[in-house]
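*Asks:* First, the structure itself, so that you have it in front of you.
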Amino acid sequence: MHGFNWFDRRGTEGVGFVRALRTLLTKNLPQILPDLNTIIKSRFEELHAEHIIVNGRRHSPVYPVIVKLVVLSNAVSFFGKDLAKNDQFLISALSYIEETLMCAEIVRLLPKAIAPYLGRVIARYNTSHETIYSTLLPIAEQRCQDRDLAILGHTVPEHADCIQWIMETAPRQKPWTPRRVVHELMAIWFGSVHALSTTITFAIHDLCIHPEYVKPLRDEANQGYTEFERTGNGLPLLDSFIKESARLTPVESMSTRRFALQPFAFSDGTKLGVGDWACTPVRAIMQNPAHFPEPLTFSGFRFASSQSLKGTGMEQGSHISQSLPSKLVDVDDSWHVWGTGRMACPGRYYATAIMKVIMAQIIMEFDCELVDPGASRWFTWRSSMLPRKNTMVVFTARSGSQSQ
């Protein structure tokens, strides 16, 4: 990736991206979500109109559709609406993730002695990162010039996007160069699409499989979406539904991967040598009856509070629930989806908001059903669970909806 080196030791060049994602991006959600809602709705309708009609019904490949919506959402949120209109950039932004994942898996299977060399050869044939880099670099260069002019007292344009926030939270003693800013943006971009798209796709599958949740979720969205859009918070029933879907179909079976840089011993006596890896078995934890009653049973409002469930017909006692309500963004001993402790994903508040935007639009505007409910919907590769691209969903515009 253009000579980008990621240091093994955390904090070597600062961790400004944590504040950029956790604080600044989250703080700006009320400004981002209204535009994003309109853009996602319009793009979904465009994609839906392109899908084939079989026996009078459109069959939509749900995973590829969601990936494109997430790429568009992230482009708007990270880089602004102007760059999100650049079709070639969006195509390359999607290809970059797929090419990098493929290259990484190939390299992981190679002997260590030859992996670096063959990795470079493979990377030369993947050109999407070139497009992303060449598109973002002039923008970063202009922003750095503006930063330097502002220090001298000049008036410069104001920007509210991840490019600017990454620059503002970089080490003050040694500000990042435009090249370093772009490298950071590309690293964040890589981590922002894959898990988000997969989680939303599985939640749509579950919405089709468990239609009894559609009415309370739709009622909540119709009543509470405006407030959610205004604040970036809310829609607790949808939050619980997505969390339960993620619990039973997690993107990763392992979390909190740590590489030992020096010998280490855990409190129980387990020892790690230099180069050893340690991780938490997130899928096993989330399907453990010690943490979750009837852990293999889907209960969409398992994590919702009694207050949120009033008037839904699914009050606590009528379904499986946890002893205490919780949120999708939470991090605790039994919920490692975002990692653990201080190193938990700083972008989880933004990711959760994007999930709710896309899910709420589908719930309010469409009825949905799987074309073949009995077909396999996912496959596993190493520790990952991935949706099948050929899983088809029929999205039927509701009577009176704007999408009809």
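By convention here, the chains of the structure tokens are called A, B, ... in the order presented, each chain's residues are numbered starting at 1, and ligands are numbered starting at 1 in the order presented.
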Residues near Phe298 in chain A, anyone? I mean within 8 Å using only C-alpha atoms, not counting same-chain ones fewer than 2 positions away, as a list in words.

*Replies:*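 Listed by chain and then number, they are Glu244, Ser245, Leu248, Pro295, Leu296 and Gly300 of chain A.
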
*Asks:* If you keep N, CA, C and O atoms, can you produce a file of those selected residues as a short mmCIF file (atom, residue, chain, number, x, y, z; two decimals), in the first residue's frame?

*Replies:*
```
data_model
loop_
_atom_site.label_atom_id
_atom_site.label_comp_id
_atom_site.auth_asym_id
_atom_site.auth_seq_id
_atom_site.Cartn_x
_atom_site.Cartn_y
_atom_site.Cartn_z
N GLU A 244 -29.09 -9.32 18.37
CA GLU A 244 -29.39 -10.76 18.44
C GLU A 244 -28.97 -11.47 17.16
O GLU A 244 -28.45 -12.59 17.20
N SER A 245 -29.17 -10.82 16.02
CA SER A 245 -28.73 -11.40 14.76
C SER A 245 -27.21 -11.56 14.75
O SER A 245 -26.69 -12.61 14.34
N LEU A 248 -25.97 -14.60 16.90
CA LEU A 248 -26.10 -15.94 16.34
C LEU A 248 -25.34 -16.12 15.03
O LEU A 248 -25.00 -17.25 14.67
N PRO A 295 -29.39 -20.19 24.32
CA PRO A 295 -28.50 -19.42 23.44
C PRO A 295 -28.64 -19.70 21.95
O PRO A 295 -28.25 -18.86 21.15
N LEU A 296 -29.19 -20.84 21.57
CA LEU A 296 -29.32 -21.15 20.14
C LEU A 296 -30.68 -20.76 19.58
O LEU A 296 -30.95 -21.01 18.40
N GLY A 300 -35.43 -11.80 19.09
CA GLY A 300 -35.05 -10.50 18.57
C GLY A 300 -35.03 -9.37 19.57
O GLY A 300 -34.26 -8.42 19.42
#
```

*Asks:* Using only C-alpha atoms, determine which residues lie at most 10 Å from Asp219 in chain A, disregarding the query and same-chain residues fewer than 4 positions distant; provide the list as a ChimeraX atom specification.

*Replies:* /A:214-215,223-225,312,363-364

*Asks:* Restricting it to N, CA and C atoms, dump the selection as a PDB file, in the first residue's frame.

*Replies:*
```pdb
ATOM      1  N   VAL A 214     -41.576  -7.738  12.382  1.00  0.00           N
ATOM      2  CA  VAL A 214     -41.668  -6.628  11.435  1.00  0.00           C
ATOM      3  C   VAL A 214     -42.573  -5.522  11.956  1.00  0.00           C
ATOM      4  N   LYS A 215     -43.756  -5.855  12.449  1.00  0.00           N
ATOM      5  CA  LYS A 215     -44.708  -4.813  12.879  1.00  0.00           C
ATOM      6  C   LYS A 215     -44.155  -3.964  14.024  1.00  0.00           C
ATOM      7  N   GLN A 223     -42.405   5.917  14.326  1.00  0.00           N
ATOM      8  CA  GLN A 223     -42.567   6.877  15.423  1.00  0.00           C
ATOM      9  C   GLN A 223     -41.254   7.524  15.849  1.00  0.00           C
ATOM     10  N   GLY A 224     -40.147   6.779  15.741  1.00  0.00           N
ATOM     11  CA  GLY A 224     -38.913   7.261  16.349  1.00  0.00           C
ATOM     12  C   GLY A 224     -37.775   7.585  15.410  1.00  0.00           C
ATOM     13  N   TYR A 225     -37.971   7.387  14.090  1.00  0.00           N
ATOM     14  CA  TYR A 225     -36.831   7.577  13.189  1.00  0.00           C
ATOM     15  C   TYR A 225     -36.375   9.037  13.138  1.00  0.00           C
ATOM     16  N   THR A 312     -45.942  -3.426  22.463  1.00  0.00           N
ATOM     17  CA  THR A 312     -45.538  -4.214  21.296  1.00  0.00           C
ATOM     18  C   THR A 312     -46.214  -5.577  21.237  1.00  0.00           C
ATOM     19  N   ILE A 363     -37.254  -1.568   6.447  1.00  0.00           N
ATOM     20  CA  ILE A 363     -38.427  -1.945   7.252  1.00  0.00           C
ATOM     21  C   ILE A 363     -39.603  -1.022   6.958  1.00  0.00           C
ATOM     22  N   MET A 364     -39.344   0.272   6.851  1.00  0.00           N
ATOM     23  CA  MET A 364     -40.439   1.226   6.634  1.00  0.00           C
ATOM     24  C   MET A 364     -40.987   1.183   5.212  1.00  0.00           C
TER      25      MET A 364
END
```

*Asks:* Give me the residues near Gly347 in chain A as number ranges by chain, where near means some atom within 6 Å (using only C-alpha atoms) and where sequence neighbours in that chain fewer than 2 positions away do not count.

*Replies:* A: 21-22, 345, 349-350

*Asks:* For the selection you just gave me, I'd like the residues written to a file as a compact mmCIF listing (two decimals), in the first residue's frame, keeping N, CA and C atoms.

*Replies:*
```
# COMPACT_ATOMS: atom_id res chain seq x y z
N LEU A 21 -12.68 8.84 15.17
CA LEU A 21 -13.82 7.96 14.96
C LEU A 21 -14.76 7.95 16.16
N ARG A 22 -14.19 7.81 17.36
CA ARG A 22 -15.04 7.65 18.54
C ARG A 22 -15.73 8.95 18.92
N CYS A 345 -13.43 -1.25 19.31
CA CYS A 345 -13.57 -0.49 18.07
C CYS A 345 -14.10 0.92 18.34
N TYR A 349 -20.01 3.30 17.28
CA TYR A 349 -21.21 4.15 17.37
C TYR A 349 -21.66 4.56 15.96
N TYR A 350 -20.69 4.90 15.14
CA TYR A 350 -21.02 5.20 13.75
C TYR A 350 -21.55 3.97 13.04
```

*Asks:* If you run DSSP on the backbone, which residues of range 131-351 of chain A are strand (DSSP E or B), as a list of chain:residue names?

*Replies:*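 Strand (DSSP E or B) members of range 131-351 of chain A, listed: A:Glu252, A:Ser255, A:Thr256, A:Arg257, A:Arg258, A:Phe259, A:Phe264, A:Ala265, A:Lys271, A:Leu272, A:Trp277, A:Ala278, A:Cys279, A:Thr280, A:Asp332, A:Trp335.
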
*Asks:* List the spatial neighbours of range 23-28 of chain A as a list in words - criterion: any atom at most 9 Å away, only C-alpha atoms, same-chain residues fewer than 6 positions off excluded.

*Replies:*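 Residues meeting the cut-off are Ser77, Phe78, Ala160, Asp161, Cys162, Trp165, Gly232, Pro346, Gly347, Tyr349 and Tyr350 of chain A.
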
*Asks:* For the selection you just gave me, I'd like the residues written to a file as an mmCIF file, in the first residue's frame, keeping N, CA and C atoms.

*Replies:*
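Saved to part38.cif:
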```cif
data_model
loop_
_atom_site.group_PDB
_atom_site.id
_atom_site.type_symbol
_atom_site.label_atom_id
_atom_site.label_comp_id
_atom_site.auth_asym_id
_atom_site.auth_seq_id
_atom_site.Cartn_x
_atom_site.Cartn_y
_atom_site.Cartn_z
ATOM 1 N N SER A 77 -19.815 9.718 4.527
ATOM 2 C CA SER A 77 -19.459 10.064 5.898
ATOM 3 C C SER A 77 -17.979 10.383 6.051
ATOM 4 N N PHE A 78 -17.129 9.652 5.344
ATOM 5 C CA PHE A 78 -15.692 9.820 5.511
ATOM 6 C C PHE A 78 -15.119 10.938 4.638
ATOM 7 N N ALA A 160 -15.937 19.092 7.486
ATOM 8 C CA ALA A 160 -16.405 18.161 8.516
ATOM 9 C C ALA A 160 -16.451 16.766 7.912
ATOM 10 N N ASP A 161 -15.290 16.130 7.822
ATOM 11 C CA ASP A 161 -15.202 14.765 7.308
ATOM 12 C C ASP A 161 -13.995 14.086 7.943
ATOM 13 N N CYS A 162 -13.853 12.788 7.686
ATOM 14 C CA CYS A 162 -12.786 12.027 8.329
ATOM 15 C C CYS A 162 -11.398 12.456 7.874
ATOM 16 N N TRP A 165 -10.692 15.262 10.252
ATOM 17 C CA TRP A 165 -10.586 14.829 11.646
ATOM 18 C C TRP A 165 -9.324 14.020 11.890
ATOM 19 N N GLY A 232 -28.788 10.680 16.475
ATOM 20 C CA GLY A 232 -27.890 9.538 16.296
ATOM 21 C C GLY A 232 -28.122 8.442 17.307
ATOM 22 N N PRO A 346 -13.337 1.961 17.995
ATOM 23 C CA PRO A 346 -13.804 3.327 18.245
ATOM 24 C C PRO A 346 -14.904 3.767 17.286
ATOM 25 N N GLY A 347 -15.084 3.038 16.177
ATOM 26 C CA GLY A 347 -16.107 3.414 15.201
ATOM 27 C C GLY A 347 -17.427 2.708 15.400
ATOM 28 N N TYR A 349 -20.015 3.297 17.281
ATOM 29 C CA TYR A 349 -21.211 4.150 17.367
ATOM 30 C C TYR A 349 -21.658 4.558 15.963
ATOM 31 N N TYR A 350 -20.694 4.896 15.141
ATOM 32 C CA TYR A 350 -21.018 5.201 13.749
ATOM 33 C C TYR A 350 -21.553 3.970 13.035
#
```

*Asks:* I'd like the contact shell of His48 in chain A - 12 Å cut-off, only C-alpha atoms, skipping same-chain residues fewer than 2 positions apart - returned as a VMD selection string.

*Replies:* chain A and resid 40 to 46 50 to 53 57 to 62 64 to 66 68 to 69 362 366 392 to 397 403 to 404

*Asks:* For each of A:Arg398, A:His210, A:Arg230, A:Arg342, take the minimum atom-to-atom distance to Pro30 in chain A, counting only C-alpha atoms, then give the residue where this is smallest.

*Replies:*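 Among the listed residues, the smallest separation from Pro30 in chain A belongs to A:Arg230.
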
*Asks:* Quick one: pick out all alpha helix (DSSP H) residues within range 257-383 of chain A from a backbone DSSP run and write them as a ChimeraX atom specification.

*Replies:* /A:282-286,306-309,348-365

*Asks:* Name the closest residue to Asn222 in chain A among the candidates A:Glu365, A:Leu207, A:Pro289, A:Val331; distances are taken between atoms, counting only C-alpha atoms.

*Replies:* A:Glu365

*Asks:* Skip Glu212 in chain A itself and residues of its chain fewer than 4 positions away, then list as number ranges by chain all residues within 12 Å of it, counting only C-alpha atoms.

*Replies:* A: 206-208, 216-218, 241, 298-301, 312-314

*Asks:* For Leu261 in chain A, work out the shell of residues within 8 Å, counting only C-alpha atoms and skipping chain neighbours fewer than 2 positions away, then give it as a ChimeraX atom specification.

*Replies:* /A:259,263,274-275
